[in-house]
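Student: Attaching a single structure in structure tokens format; questions to follow.
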Amino acid sequence: MSNDTTARRPWARLVLIASLFAWAPFAAATPAKATPVLVVDADSRQVLYQEDAGAPWYPASTTKLMTALVVFEALKAGEVTMSTPVVMTRNATKQAFLESGLTFGRTMTLEDALYAVITASANDVAVALAEAVASNEASFVVRMNRTAARLGLTGTHYSNPNGLFDKTNYTTARDLAILGMEVDRVFPGYRRFFQASSVTIDGKEIKSNNLLLTRFNGTIGMKTGFICASGRNIVGLATRNGRRMMVVILGATTERERNERSAQYLTQAFDGRLPAGAGLVEGLQNQTGVAPEDMRIRLCTDKSAAYEASRDALYPMGLPGQESYLKDRVTEQVHTIATWPSEHLEDVPLPKSRPS
């Protein structure tokens with residue numbers, strides 16, 4: 001059932017919502033609770049609003065914020081340069097959900113790889129980038145977790161550089177906010193990687209899922225993410241009138257909900273309607289000993305229509321006839337990536353001779 005249909009027929013929405021709670025096993029397995037939200041003044045680090053900011057959650061592709069930070073630190077240390085070649089290895093091309101269209105042996109610069117990872121959220125390129133910076137993917141993940149510990153991300157653990165599902169890959173809204181602010185504070189010169197709204201890889205266009213980039217003035221970035229277990233996540237950062245605000249939303253149901261709610265919280269923060277008073281973001285406590293929420297039943301099964309209807313009723317912004325917080329028109333920034341075949345491949349199969 002489409003959003004348009006439910007918007008025109010309110011009674012249908014009510015029936016769907018009722019069916020959500022009437023289905024006892026589903027209701028019992030998924031208690032009614034808010035998905036995590038955190039709004040922070042990125043300059044003062046004051047918490048302006050939060051809901052379950054310390055609850056463990058699967059990060060999905062927001063994991064790539066840490067991947068980017070580790071790469072930025074490697075650049076600063078002189079371990080790699082922006083022109084370092086990043087080669088698509090066998091391990092990289094085995095990743096799931098590939099939109100890049102890249103095949104084994106295709107190569108790009110490290111700079112282009114950062115755009116592919118951050119803007120296009122390319123899971124395969126994230127692994128290839130990790131392998132280019134460290135000796136292998138596992139060594140890179142060790143760096144990710146060391147960096148998380150150094151930053152005080154007490155509710156975070158990484159198992160891969162791209163955010164594909166793994167029970168040991170988890171974080172919290174608190175930790176993602178601290179991570180995002182660290183990336184922007186220490187490496188403001190690399191904001192360009194987060195501001196591109198699309199890339200083309202060998203002529204194939206891949207758009208960012210962060211609609212704030214083209215519909216909310218002042219957006220700096222930073223990263224969206226989605227897997228069925230996590231729902232739709234976002235770490236958003238925007239600046240207006242010399243102030244910087246960060247929003248983290250985890251577990252949104254649709255891209256519309258994620259983008260509209262992010263813009264709404266940012267608008268309220270800039271307008272002064274979310275007053276400080278909850279202390280510094282570092283003062284928020286992460287929940288320990290609790291497994292992350294698993295959103296798969298709600299989002300990726302035949303029960304998802306009822307759950308989506310309930311969320312549409314809670315967050316109707318942007319639906320037909322409803323106010324939208326994404327009113328601006330921002331010029332798109334497109335980055336072009338061209339790849340080439342690697343000249344140093346050891347496991348390229350030799351061509352077989354044709355039978356006579």
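To be explicit about the labels: the chains of the structure tokens are called A, B, and onward in the order shown, and within each one the residues are counted from 1, while ligands get numbers from 1 in the order they are shown.
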Fewer than 2 positions away in the same chain doesn't count, so skip those; otherwise give me all residues within 7 Å of region 191-198 of chain A, counting only C-alpha atoms, as a JSON list (two decimals) with N, CA, C and O atoms, in the first residue's frame.
Tutor:
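File written: around.json
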```json
[["chain", "number", "residue", "atom", "x", "y", "z"],
["A", 114, "LEU", "N", 37.42, 7.41, -1.27],
["A", 114, "LEU", "CA", 36.72, 8.07, -0.17],
["A", 114, "LEU", "C", 35.36, 8.59, -0.62],
["A", 114, "LEU", "O", 34.36, 8.46, 0.10],
["A", 115, "TYR", "N", 35.30, 9.18, -1.80],
["A", 115, "TYR", "CA", 34.00, 9.62, -2.33],
["A", 115, "TYR", "C", 33.07, 8.43, -2.53],
["A", 115, "TYR", "O", 31.87, 8.50, -2.21],
["A", 118, "ILE", "N", 31.89, 7.27, 1.04],
["A", 118, "ILE", "CA", 31.07, 8.20, 1.82],
["A", 118, "ILE", "C", 29.81, 8.60, 1.07],
["A", 118, "ILE", "O", 28.70, 8.56, 1.62],
["A", 119, "THR", "N", 29.94, 8.98, -0.18],
["A", 119, "THR", "CA", 28.78, 9.45, -0.94],
["A", 119, "THR", "C", 27.94, 8.29, -1.47],
["A", 119, "THR", "O", 26.72, 8.25, -1.27],
["A", 120, "ALA", "N", 28.59, 7.35, -2.15],
["A", 120, "ALA", "CA", 27.87, 6.23, -2.76],
["A", 120, "ALA", "C", 27.68, 5.07, -1.79],
["A", 120, "ALA", "O", 26.95, 4.13, -2.09],
["A", 188, "PRO", "N", 38.36, 19.38, 9.10],
["A", 188, "PRO", "CA", 37.41, 20.21, 8.34],
["A", 188, "PRO", "C", 37.79, 20.34, 6.87],
["A", 188, "PRO", "O", 36.92, 20.60, 6.03],
["A", 189, "GLY", "N", 39.06, 20.14, 6.55],
["A", 189, "GLY", "CA", 39.49, 20.23, 5.17],
["A", 189, "GLY", "C", 38.98, 19.10, 4.30],
["A", 189, "GLY", "O", 39.08, 19.17, 3.06],
["A", 200, "THR", "N", 29.76, 9.58, -9.98],
["A", 200, "THR", "CA", 29.67, 8.69, -11.14],
["A", 200, "THR", "C", 30.93, 7.84, -11.14],
["A", 200, "THR", "O", 32.04, 8.36, -11.00],
["A", 205, "GLU", "N", 26.01, 6.63, -12.43],
["A", 205, "GLU", "CA", 25.69, 7.57, -11.35],
["A", 205, "GLU", "C", 25.10, 6.85, -10.15],
["A", 205, "GLU", "O", 24.23, 6.00, -10.28],
["A", 206, "ILE", "N", 25.58, 7.22, -8.96],
["A", 206, "ILE", "CA", 25.05, 6.71, -7.71],
["A", 206, "ILE", "C", 24.80, 7.90, -6.81],
["A", 206, "ILE", "O", 25.73, 8.65, -6.48],
["A", 207, "LYS", "N", 23.55, 8.10, -6.40],
["A", 207, "LYS", "CA", 23.18, 9.25, -5.59],
["A", 207, "LYS", "C", 23.30, 8.93, -4.10],
["A", 207, "LYS", "O", 23.08, 7.79, -3.68],
["A", 208, "SER", "N", 23.62, 9.93, -3.33],
["A", 208, "SER", "CA", 23.59, 9.79, -1.88],
["A", 208, "SER", "C", 22.14, 9.66, -1.42],
["A", 208, "SER", "O", 21.24, 10.24, -2.02],
["A", 213, "LEU", "N", 21.34, 16.99, 1.81],
["A", 213, "LEU", "CA", 22.39, 17.62, 1.02],
["A", 213, "LEU", "C", 21.84, 18.53, -0.07],
["A", 213, "LEU", "O", 22.47, 19.53, -0.43],
["A", 220, "ILE", "N", 26.30, 19.87, 5.96],
["A", 220, "ILE", "CA", 27.68, 19.46, 5.77],
["A", 220, "ILE", "C", 27.76, 17.97, 5.43],
["A", 220, "ILE", "O", 28.64, 17.53, 4.72],
["A", 221, "GLY", "N", 26.86, 17.19, 5.90],
["A", 221, "GLY", "CA", 26.85, 15.74, 5.71],
["A", 221, "GLY", "C", 25.99, 15.11, 6.80],
["A", 221, "GLY", "O", 25.02, 15.74, 7.21],
["A", 222, "MET", "N", 26.24, 13.88, 7.33],
["A", 222, "MET", "CA", 27.51, 13.23, 7.12],
["A", 222, "MET", "C", 27.33, 11.83, 6.52],
["A", 222, "MET", "O", 27.98, 11.48, 5.57],
["A", 332, "GLU", "N", 23.48, 20.62, -6.51],
["A", 332, "GLU", "CA", 24.11, 19.31, -6.32],
["A", 332, "GLU", "C", 25.61, 19.38, -6.59],
["A", 332, "GLU", "O", 26.07, 20.10, -7.47],
["A", 333, "GLN", "N", 26.35, 18.60, -5.81],
["A", 333, "GLN", "CA", 27.79, 18.45, -6.04],
["A", 333, "GLN", "C", 28.05, 17.02, -6.48],
["A", 333, "GLN", "O", 27.78, 16.07, -5.72],
["A", 334, "VAL", "N", 28.55, 16.86, -7.69],
["A", 334, "VAL", "CA", 28.79, 15.54, -8.26],
["A", 334, "VAL", "C", 30.28, 15.33, -8.43],
["A", 334, "VAL", "O", 30.99, 16.19, -8.94],
["A", 335, "HIS", "N", 30.75, 14.18, -8.00],
["A", 335, "HIS", "CA", 32.16, 13.84, -8.16],
["A", 335, "HIS", "C", 32.30, 12.69, -9.15],
["A", 335, "HIS", "O", 31.59, 11.68, -9.06]]
```
Student: Would you mind listing what lies within 12 Å of Gly272 (chain A) as a list in words, with only C-alpha atoms counted and same-chain residues fewer than 6 positions away left out?
Tutor: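 Non-adjacent residues within range: Asp41, Leu48, Tyr49, Arg243, Met245, Tyr265 and Leu266 of chain A.
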Student: Atoms to include: all heavy atoms. Write the selected residues as a compact mmCIF listing (two decimals), in the first residue's frame.
Tutor:
```txt
# COMPACT_ATOMS: atom_id res chain seq x y z
N ASP A 41 24.35 20.46 19.98
CA ASP A 41 25.04 21.65 19.50
C ASP A 41 26.50 21.25 19.31
O ASP A 41 27.21 20.98 20.29
CB ASP A 41 24.91 22.78 20.52
CG ASP A 41 25.53 24.09 20.04
OD1 ASP A 41 26.65 24.06 19.49
OD2 ASP A 41 24.92 25.15 20.23
N LEU A 48 20.73 18.84 23.13
CA LEU A 48 19.51 19.63 23.01
C LEU A 48 18.26 18.76 23.09
O LEU A 48 17.20 19.24 23.48
CB LEU A 48 19.51 20.40 21.69
CG LEU A 48 20.73 21.29 21.43
CD1 LEU A 48 20.57 22.03 20.11
CD2 LEU A 48 20.93 22.27 22.58
N TYR A 49 18.39 17.52 22.71
CA TYR A 49 17.25 16.60 22.76
C TYR A 49 17.79 15.19 22.61
O TYR A 49 18.75 14.96 21.87
CB TYR A 49 16.26 16.89 21.61
CG TYR A 49 15.04 16.00 21.62
CD1 TYR A 49 13.97 16.24 22.47
CD2 TYR A 49 14.97 14.88 20.78
CE1 TYR A 49 12.85 15.41 22.48
CE2 TYR A 49 13.86 14.05 20.79
CZ TYR A 49 12.82 14.32 21.65
OH TYR A 49 11.72 13.50 21.66
N ARG A 243 26.58 28.68 13.50
CA ARG A 243 26.33 27.61 14.48
C ARG A 243 26.27 26.28 13.76
O ARG A 243 25.84 26.19 12.61
CB ARG A 243 25.01 27.86 15.22
CG ARG A 243 24.95 29.21 15.92
CD ARG A 243 23.55 29.41 16.49
NE ARG A 243 23.26 28.47 17.56
CZ ARG A 243 22.02 28.14 17.92
NH1 ARG A 243 20.97 28.63 17.28
NH2 ARG A 243 21.83 27.28 18.92
N MET A 245 24.93 22.25 14.12
CA MET A 245 24.04 21.34 14.83
C MET A 245 24.16 19.94 14.25
O MET A 245 24.29 19.77 13.04
CB MET A 245 22.58 21.81 14.73
CG MET A 245 22.31 23.18 15.33
SD MET A 245 22.55 23.18 17.13
CE MET A 245 22.36 24.95 17.46
N TYR A 265 14.34 18.27 13.26
CA TYR A 265 15.15 18.49 14.46
C TYR A 265 16.19 19.58 14.24
O TYR A 265 16.43 20.41 15.13
CB TYR A 265 15.84 17.19 14.87
CG TYR A 265 14.94 16.19 15.55
CD1 TYR A 265 14.74 14.92 15.03
CD2 TYR A 265 14.28 16.51 16.74
CE1 TYR A 265 13.92 13.99 15.66
CE2 TYR A 265 13.45 15.60 17.37
CZ TYR A 265 13.28 14.34 16.82
OH TYR A 265 12.46 13.43 17.45
N LEU A 266 16.81 19.60 13.08
CA LEU A 266 17.79 20.64 12.80
C LEU A 266 17.13 22.02 12.76
O LEU A 266 17.68 22.99 13.29
CB LEU A 266 18.49 20.35 11.47
CG LEU A 266 19.48 19.17 11.48
CD1 LEU A 266 19.94 18.85 10.06
CD2 LEU A 266 20.68 19.46 12.38
```
Student: Write out as a tab-separated table (two decimals) with N, CA and C atoms, in the first residue's frame each polymer residue whose atoms come within 10 Å of Thr147 (chain A), counting only C-alpha atoms; drop sequence neighbours fewer than 3 positions from it.
Tutor:
```tsv
chain	number	residue	atom	x	y	z
A	66	MET	N	33.61	5.90	10.78
A	66	MET	CA	34.85	5.47	11.43
A	66	MET	C	35.88	5.04	10.38
A	69	LEU	N	37.43	8.17	9.22
A	69	LEU	CA	38.32	8.77	10.22
A	69	LEU	C	39.67	8.04	10.26
A	70	VAL	N	39.64	6.72	10.22
A	70	VAL	CA	40.90	5.97	10.25
A	70	VAL	C	41.74	6.29	9.00
A	73	GLU	N	43.26	9.77	9.37
A	73	GLU	CA	44.42	9.75	10.27
A	73	GLU	C	45.63	9.11	9.60
A	141	VAL	N	40.19	-3.17	10.89
A	141	VAL	CA	39.13	-3.20	11.90
A	141	VAL	C	39.72	-3.04	13.29
A	142	VAL	N	40.90	-3.59	13.52
A	142	VAL	CA	41.58	-3.37	14.80
A	142	VAL	C	41.81	-1.88	15.02
A	143	ARG	N	42.23	-1.18	13.98
A	143	ARG	CA	42.43	0.27	14.09
A	143	ARG	C	41.11	0.97	14.40
A	144	MET	N	40.04	0.53	13.77
A	144	MET	CA	38.73	1.14	14.03
A	144	MET	C	38.37	1.04	15.51
A	150	ARG	N	39.77	5.12	22.00
A	150	ARG	CA	40.44	6.39	22.27
A	150	ARG	C	39.45	7.55	22.39
A	151	LEU	N	38.39	7.50	21.60
A	151	LEU	CA	37.39	8.57	21.61
A	151	LEU	C	36.35	8.40	22.72
A	152	GLY	N	36.42	7.31	23.46
A	152	GLY	CA	35.45	7.09	24.53
A	152	GLY	C	34.11	6.59	24.03
A	153	LEU	N	34.12	5.89	22.90
A	153	LEU	CA	32.88	5.34	22.35
A	153	LEU	C	32.60	4.01	23.05
A	179	LEU	N	31.58	10.63	17.35
A	179	LEU	CA	32.40	10.29	16.20
A	179	LEU	C	32.25	11.31	15.08
```
Student: How many Å lie between CA of Arg311 (chain A) and CA of Gly251 (chain A), rounded to one decimal?
Tutor: 11.0 Å
Student: Tell me, which residues of region 220-274 of chain A carry DSSP alpha helix (DSSP H), written as a PyMOL selection string?
Tutor: chain A and resi 255-270
Student: Which polymer residues have any atom within 8 Å of an atom of Phe104 (chain A), counting only C-alpha atoms, with same-chain residues fewer than 5 positions away left out, as a PyMOL selection string?
Tutor: chain A and resi 88-90+93
Student: Keeping N, CA, C and O atoms for every residue in the selection just given, could you write it to a file as a compact mmCIF listing (two decimals), in the first residue's frame?
Tutor:
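That gives us result_31.txt:
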```txt
# COMPACT_ATOMS: atom_id res chain seq x y z
N MET A 88 40.37 -3.21 -6.29
CA MET A 88 39.27 -4.10 -5.94
C MET A 88 39.79 -5.53 -5.88
O MET A 88 40.10 -6.15 -6.90
N THR A 89 39.93 -6.04 -4.67
CA THR A 89 40.45 -7.39 -4.45
C THR A 89 39.31 -8.40 -4.50
O THR A 89 38.13 -8.04 -4.56
N ARG A 90 39.67 -9.68 -4.44
CA ARG A 90 38.64 -10.72 -4.36
C ARG A 90 37.77 -10.52 -3.13
O ARG A 90 36.54 -10.66 -3.18
N THR A 93 35.27 -7.63 -3.68
CA THR A 93 34.17 -7.89 -4.60
C THR A 93 33.20 -8.94 -4.08
O THR A 93 32.14 -9.17 -4.68
```
